$ cat data20.cif   # mmCIF, N, CA and C atoms
data_model
#
loop_
_atom_site.label_atom_id
_atom_site.label_comp_id
_atom_site.auth_asym_id
_atom_site.auth_seq_id
_atom_site.Cartn_x
_atom_site.Cartn_y
_atom_site.Cartn_z
N MET A 1 327.35 -67.62 221.53
CA MET A 1 326.18 -68.27 222.12
C MET A 1 326.44 -68.49 223.60
N TYR A 2 325.39 -68.36 224.39
CA TYR A 2 325.50 -68.71 225.80
C TYR A 2 324.15 -69.21 226.29
N ILE A 3 324.19 -69.92 227.42
CA ILE A 3 322.98 -70.40 228.08
C ILE A 3 323.04 -69.90 229.51
N GLU A 4 321.96 -69.29 229.95
CA GLU A 4 321.84 -68.81 231.32
C GLU A 4 320.82 -69.71 232.01
N ILE A 5 321.24 -70.33 233.11
CA ILE A 5 320.37 -71.23 233.87
C ILE A 5 320.00 -70.53 235.17
N TYR A 6 318.71 -70.46 235.46
CA TYR A 6 318.23 -69.81 236.67
C TYR A 6 317.68 -70.86 237.63
N THR A 7 318.14 -70.81 238.89
CA THR A 7 317.71 -71.79 239.88
C THR A 7 316.50 -71.26 240.66
N VAL A 8 315.87 -72.16 241.40
CA VAL A 8 314.67 -71.79 242.15
C VAL A 8 314.97 -70.79 243.26
N ASN A 9 316.22 -70.71 243.72
CA ASN A 9 316.55 -69.75 244.78
C ASN A 9 317.08 -68.42 244.22
N GLY A 10 316.95 -68.21 242.90
CA GLY A 10 317.29 -66.93 242.30
C GLY A 10 318.71 -66.80 241.78
N GLU A 11 319.54 -67.81 241.96
CA GLU A 11 320.89 -67.75 241.44
C GLU A 11 320.89 -68.11 239.95
N SER A 12 321.97 -67.74 239.27
CA SER A 12 322.07 -68.08 237.86
C SER A 12 323.45 -68.62 237.55
N ILE A 13 323.51 -69.45 236.54
CA ILE A 13 324.75 -70.03 236.05
C ILE A 13 324.81 -69.70 234.56
N ARG A 14 325.89 -69.08 234.13
CA ARG A 14 326.04 -68.74 232.72
C ARG A 14 327.04 -69.69 232.08
N LEU A 15 326.62 -70.31 231.00
CA LEU A 15 327.49 -71.20 230.23
C LEU A 15 327.84 -70.50 228.93
N ASP A 16 329.11 -70.18 228.77
CA ASP A 16 329.57 -69.48 227.57
C ASP A 16 330.00 -70.47 226.50
N ASP A 17 330.61 -69.95 225.43
CA ASP A 17 330.97 -70.72 224.24
C ASP A 17 331.65 -72.06 224.48
N ASP A 18 332.56 -72.11 225.44
CA ASP A 18 333.34 -73.33 225.63
C ASP A 18 332.67 -74.34 226.56
N ALA A 19 331.48 -74.06 227.03
CA ALA A 19 330.82 -74.92 228.01
C ALA A 19 330.23 -76.18 227.36
N LYS A 20 330.03 -77.19 228.23
CA LYS A 20 329.44 -78.45 227.79
C LYS A 20 328.37 -78.87 228.79
N ILE A 21 327.37 -79.56 228.27
CA ILE A 21 326.36 -80.19 229.13
C ILE A 21 326.40 -81.68 228.81
N ASN A 22 326.60 -82.48 229.84
CA ASN A 22 326.76 -83.93 229.68
C ASN A 22 327.81 -84.25 228.61
N ASN A 23 328.90 -83.47 228.65
CA ASN A 23 330.05 -83.64 227.78
C ASN A 23 329.76 -83.35 226.30
N ILE A 24 328.69 -82.61 226.02
CA ILE A 24 328.34 -82.19 224.66
C ILE A 24 328.44 -80.67 224.61
N SER A 25 329.15 -80.16 223.63
CA SER A 25 329.29 -78.71 223.47
C SER A 25 327.90 -78.07 223.35
N ILE A 26 327.72 -76.91 223.97
CA ILE A 26 326.41 -76.25 223.91
C ILE A 26 326.04 -75.86 222.49
N HIS A 27 327.04 -75.72 221.60
CA HIS A 27 326.76 -75.38 220.20
C HIS A 27 326.12 -76.54 219.44
N GLU A 28 326.30 -77.75 219.93
CA GLU A 28 325.76 -78.94 219.26
C GLU A 28 324.35 -79.29 219.74
N LEU A 29 323.85 -78.58 220.75
CA LEU A 29 322.56 -78.89 221.35
C LEU A 29 321.46 -77.99 220.78
N SER A 30 320.37 -78.60 220.35
CA SER A 30 319.20 -77.83 219.92
C SER A 30 318.38 -77.47 221.15
N LYS A 31 317.40 -76.61 220.98
CA LYS A 31 316.53 -76.27 222.10
C LYS A 31 315.76 -77.49 222.58
N ALA A 32 315.37 -78.37 221.66
CA ALA A 32 314.68 -79.61 222.04
C ALA A 32 315.61 -80.52 222.86
N ASP A 33 316.89 -80.59 222.46
CA ASP A 33 317.88 -81.37 223.22
C ASP A 33 318.01 -80.82 224.64
N LEU A 34 318.07 -79.49 224.75
CA LEU A 34 318.19 -78.87 226.06
C LEU A 34 316.99 -79.18 226.94
N LYS A 35 315.80 -79.09 226.37
CA LYS A 35 314.59 -79.41 227.15
C LYS A 35 314.66 -80.85 227.66
N ASN A 36 315.08 -81.77 226.81
CA ASN A 36 315.19 -83.17 227.22
C ASN A 36 316.24 -83.34 228.32
N LEU A 37 317.37 -82.65 228.21
CA LEU A 37 318.40 -82.75 229.24
C LEU A 37 317.89 -82.23 230.58
N PHE A 38 317.16 -81.13 230.56
CA PHE A 38 316.66 -80.57 231.82
C PHE A 38 315.50 -81.38 232.39
N ASN A 39 314.96 -82.32 231.63
CA ASN A 39 313.95 -83.23 232.16
C ASN A 39 314.58 -84.42 232.87
N GLU A 40 315.88 -84.62 232.72
CA GLU A 40 316.58 -85.67 233.45
C GLU A 40 316.74 -85.26 234.90
N LYS A 41 317.07 -86.22 235.78
CA LYS A 41 317.22 -85.92 237.21
C LYS A 41 318.40 -85.01 237.50
N CYS A 42 319.50 -85.23 236.79
CA CYS A 42 320.66 -84.36 236.99
C CYS A 42 321.43 -84.28 235.68
N ILE A 43 322.20 -83.21 235.57
CA ILE A 43 323.04 -83.00 234.40
C ILE A 43 324.44 -82.60 234.86
N GLU A 44 325.39 -82.80 233.99
CA GLU A 44 326.77 -82.43 234.27
C GLU A 44 327.12 -81.21 233.43
N LEU A 45 327.49 -80.13 234.10
CA LEU A 45 327.88 -78.91 233.41
C LEU A 45 329.39 -78.77 233.51
N THR A 46 330.04 -78.51 232.38
CA THR A 46 331.48 -78.26 232.37
C THR A 46 331.70 -76.84 231.88
N LYS A 47 332.33 -76.05 232.73
CA LYS A 47 332.59 -74.64 232.45
C LYS A 47 334.07 -74.41 232.73
N TYR A 48 334.82 -73.99 231.72
CA TYR A 48 336.28 -73.89 231.82
C TYR A 48 336.82 -75.28 232.13
N ASP A 49 337.50 -75.47 233.24
CA ASP A 49 337.99 -76.80 233.59
C ASP A 49 337.26 -77.36 234.82
N LEU A 50 336.14 -76.75 235.18
CA LEU A 50 335.36 -77.19 236.33
C LEU A 50 334.12 -77.96 235.88
N THR A 51 333.76 -78.98 236.62
CA THR A 51 332.57 -79.76 236.31
C THR A 51 331.63 -79.72 237.51
N TYR A 52 330.36 -79.46 237.24
CA TYR A 52 329.33 -79.39 238.27
C TYR A 52 328.26 -80.42 237.96
N ILE A 53 327.75 -81.06 238.98
CA ILE A 53 326.59 -81.93 238.83
C ILE A 53 325.40 -81.14 239.37
N ILE A 54 324.40 -80.92 238.54
CA ILE A 54 323.26 -80.08 238.89
C ILE A 54 322.00 -80.93 239.01
N ASN A 55 321.31 -80.79 240.12
CA ASN A 55 320.00 -81.42 240.31
C ASN A 55 318.99 -80.57 239.53
N THR A 56 318.40 -81.14 238.50
CA THR A 56 317.52 -80.35 237.63
C THR A 56 316.22 -79.95 238.33
N ASN A 57 315.91 -80.54 239.47
CA ASN A 57 314.75 -80.08 240.24
C ASN A 57 314.97 -78.66 240.76
N GLN A 58 316.22 -78.24 240.83
CA GLN A 58 316.56 -76.90 241.31
C GLN A 58 316.61 -75.86 240.19
N VAL A 59 316.41 -76.30 238.94
CA VAL A 59 316.43 -75.38 237.81
C VAL A 59 315.02 -74.86 237.57
N ASN A 60 314.87 -73.55 237.63
CA ASN A 60 313.57 -72.93 237.43
C ASN A 60 313.30 -72.73 235.93
N TRP A 61 314.27 -72.18 235.20
CA TRP A 61 314.16 -71.99 233.76
C TRP A 61 315.53 -71.68 233.20
N PHE A 62 315.64 -71.69 231.87
CA PHE A 62 316.90 -71.38 231.23
C PHE A 62 316.65 -70.54 229.99
N LEU A 63 317.64 -69.79 229.59
CA LEU A 63 317.60 -68.88 228.46
C LEU A 63 318.74 -69.20 227.52
N VAL A 64 318.44 -69.32 226.25
CA VAL A 64 319.46 -69.54 225.22
C VAL A 64 319.54 -68.28 224.39
N SER A 65 320.77 -67.76 224.22
CA SER A 65 320.94 -66.54 223.45
C SER A 65 322.16 -66.64 222.55
N GLU A 66 322.08 -65.98 221.43
CA GLU A 66 323.23 -65.91 220.53
C GLU A 66 324.18 -64.81 220.96
N GLY A 67 323.78 -63.97 221.90
CA GLY A 67 324.64 -62.89 222.38
C GLY A 67 324.55 -61.69 221.46
N ILE A 68 325.32 -60.68 221.78
CA ILE A 68 325.33 -59.44 221.00
C ILE A 68 326.45 -59.54 219.98
N HIS A 69 326.13 -59.31 218.73
CA HIS A 69 327.15 -59.37 217.67
C HIS A 69 327.47 -57.98 217.18
#

$ encode --input "data20.cif" --output "structure tokens"
Amino acid sequence: MYIEIYTVNGESIRLDDDAKINNISIHELSKADLKNLFNEKCIELTKYDLTYIINTNQVNWFLVSEGIH
């Protein structure tokens, strides 16, 4: 599973299996949970051992995929 986040300036951030949003594994989040998180002012993304604080006003849309099996 992965989540691809697209910003208003055309950049993208890919969150793979080990990623977390607000310290919750992406596998534990439903699509409704994700929508609610992106409605907050900012979210914390953890990818590998790096943590980013993202202003959700800069998020244009996001894609959730199970990937290719």

$ resolve_selection --input "data20.cif" --expression "the PyMOL selection byres (((chain A and resi 48 and name CA) around 12) and name CA)" --output "ChimeraX atom specification"
/A:14-20,25,45-47,49-52

$ write_last_selection --input "data20.cif" --atoms "N, CA and C atoms" --output "mmCIF file, in the coordinates of the input"
data_model
loop_
_atom_site.group_PDB
_atom_site.id
_atom_site.type_symbol
_atom_site.label_atom_id
_atom_site.label_comp_id
_atom_site.auth_asym_id
_atom_site.auth_seq_id
_atom_site.Cartn_x
_atom_site.Cartn_y
_atom_site.Cartn_z
ATOM 1 N N ARG A 14 325.890 -69.080 234.130
ATOM 2 C CA ARG A 14 326.040 -68.740 232.720
ATOM 3 C C ARG A 14 327.040 -69.690 232.080
ATOM 4 N N LEU A 15 326.620 -70.310 231.000
ATOM 5 C CA LEU A 15 327.490 -71.200 230.230
ATOM 6 C C LEU A 15 327.840 -70.500 228.930
ATOM 7 N N ASP A 16 329.110 -70.180 228.770
ATOM 8 C CA ASP A 16 329.570 -69.480 227.570
ATOM 9 C C ASP A 16 330.000 -70.470 226.500
ATOM 10 N N ASP A 17 330.610 -69.950 225.430
ATOM 11 C CA ASP A 17 330.970 -70.720 224.240
ATOM 12 C C ASP A 17 331.650 -72.060 224.480
ATOM 13 N N ASP A 18 332.560 -72.110 225.440
ATOM 14 C CA ASP A 18 333.340 -73.330 225.630
ATOM 15 C C ASP A 18 332.670 -74.340 226.560
ATOM 16 N N ALA A 19 331.480 -74.060 227.030
ATOM 17 C CA ALA A 19 330.820 -74.920 228.010
ATOM 18 C C ALA A 19 330.230 -76.180 227.360
ATOM 19 N N LYS A 20 330.030 -77.190 228.230
ATOM 20 C CA LYS A 20 329.440 -78.450 227.790
ATOM 21 C C LYS A 20 328.370 -78.870 228.790
ATOM 22 N N SER A 25 329.150 -80.160 223.630
ATOM 23 C CA SER A 25 329.290 -78.710 223.470
ATOM 24 C C SER A 25 327.900 -78.070 223.350
ATOM 25 N N LEU A 45 327.490 -80.130 234.100
ATOM 26 C CA LEU A 45 327.880 -78.910 233.410
ATOM 27 C C LEU A 45 329.390 -78.770 233.510
ATOM 28 N N THR A 46 330.040 -78.510 232.380
ATOM 29 C CA THR A 46 331.480 -78.260 232.370
ATOM 30 C C THR A 46 331.700 -76.840 231.880
ATOM 31 N N LYS A 47 332.330 -76.050 232.730
ATOM 32 C CA LYS A 47 332.590 -74.640 232.450
ATOM 33 C C LYS A 47 334.070 -74.410 232.730
ATOM 34 N N ASP A 49 337.500 -75.470 233.240
ATOM 35 C CA ASP A 49 337.990 -76.800 233.590
ATOM 36 C C ASP A 49 337.260 -77.360 234.820
ATOM 37 N N LEU A 50 336.140 -76.750 235.180
ATOM 38 C CA LEU A 50 335.360 -77.190 236.330
ATOM 39 C C LEU A 50 334.120 -77.960 235.880
ATOM 40 N N THR A 51 333.760 -78.980 236.620
ATOM 41 C CA THR A 51 332.570 -79.760 236.310
ATOM 42 C C THR A 51 331.630 -79.720 237.510
ATOM 43 N N TYR A 52 330.360 -79.460 237.240
ATOM 44 C CA TYR A 52 329.330 -79.390 238.270
ATOM 45 C C TYR A 52 328.260 -80.420 237.960
#

$ atom_distance --input "data20.cif" --atom1 "CA of Gln58 (chain A)" --atom2 "atom N of Gly10 (chain A)"
8.8 Å

$ atom_distance --input "data20.cif" --atom1 "atom N of Ile53 (chain A)" --atom2 "atom N of Ser30 (chain A)"
20.2 Å

$ atom_distance --input "data20.cif" --atom1 "CA of Thr7 (chain A)" --atom2 "CA of Asn55 (chain A)"
9.9 Å

$ select_by_dssp --input "data20.cif" --residues "chain A" --states "strand (DSSP E)" --output "PyMOL selection string"
chain A and resi 2-7+12-15+20-21+24-25+42-47+50-55+59-65

$ residues_around --input "data20.cif" --residues "Asn9 (chain A)" --least-positions-apart "2" --cutoff "10 Å" --atoms "only C-alpha atoms" --output "number ranges by chain"
A: 6-7, 11-12, 58-60

$ select_by_dssp --input "data20.cif" --residues "chain A" --states "helix (DSSP H, G or I)" --output "number ranges by chain"
A: 26-28, 31-38, 56-58

$ closest_residue --input "data20.cif" --among "A:Val8, A:Ile54, A:Leu63, A:Ile13" --to "Leu34 (chain A)" --atoms "only C-alpha atoms"
A:Leu63

$ residues_around --input "data20.cif" --residues "Glu66 (chain A)" --least-positions-apart "4" --cutoff "9 Å" --atoms "only C-alpha atoms" --output "PyMOL selection string"
chain A and resi 1-3

$ write_last_selection --input "data20.cif" --atoms "N, CA and C atoms" --output "mmCIF file, keeping the file's coordinate frame"
data_model
loop_
_atom_site.group_PDB
_atom_site.id
_atom_site.type_symbol
_atom_site.label_atom_id
_atom_site.label_comp_id
_atom_site.auth_asym_id
_atom_site.auth_seq_id
_atom_site.Cartn_x
_atom_site.Cartn_y
_atom_site.Cartn_z
ATOM 1 N N MET A 1 327.350 -67.620 221.530
ATOM 2 C CA MET A 1 326.180 -68.270 222.120
ATOM 3 C C MET A 1 326.440 -68.490 223.600
ATOM 4 N N TYR A 2 325.390 -68.360 224.390
ATOM 5 C CA TYR A 2 325.500 -68.710 225.800
ATOM 6 C C TYR A 2 324.150 -69.210 226.290
ATOM 7 N N ILE A 3 324.190 -69.920 227.420
ATOM 8 C CA ILE A 3 322.980 -70.400 228.080
ATOM 9 C C ILE A 3 323.040 -69.900 229.510
#
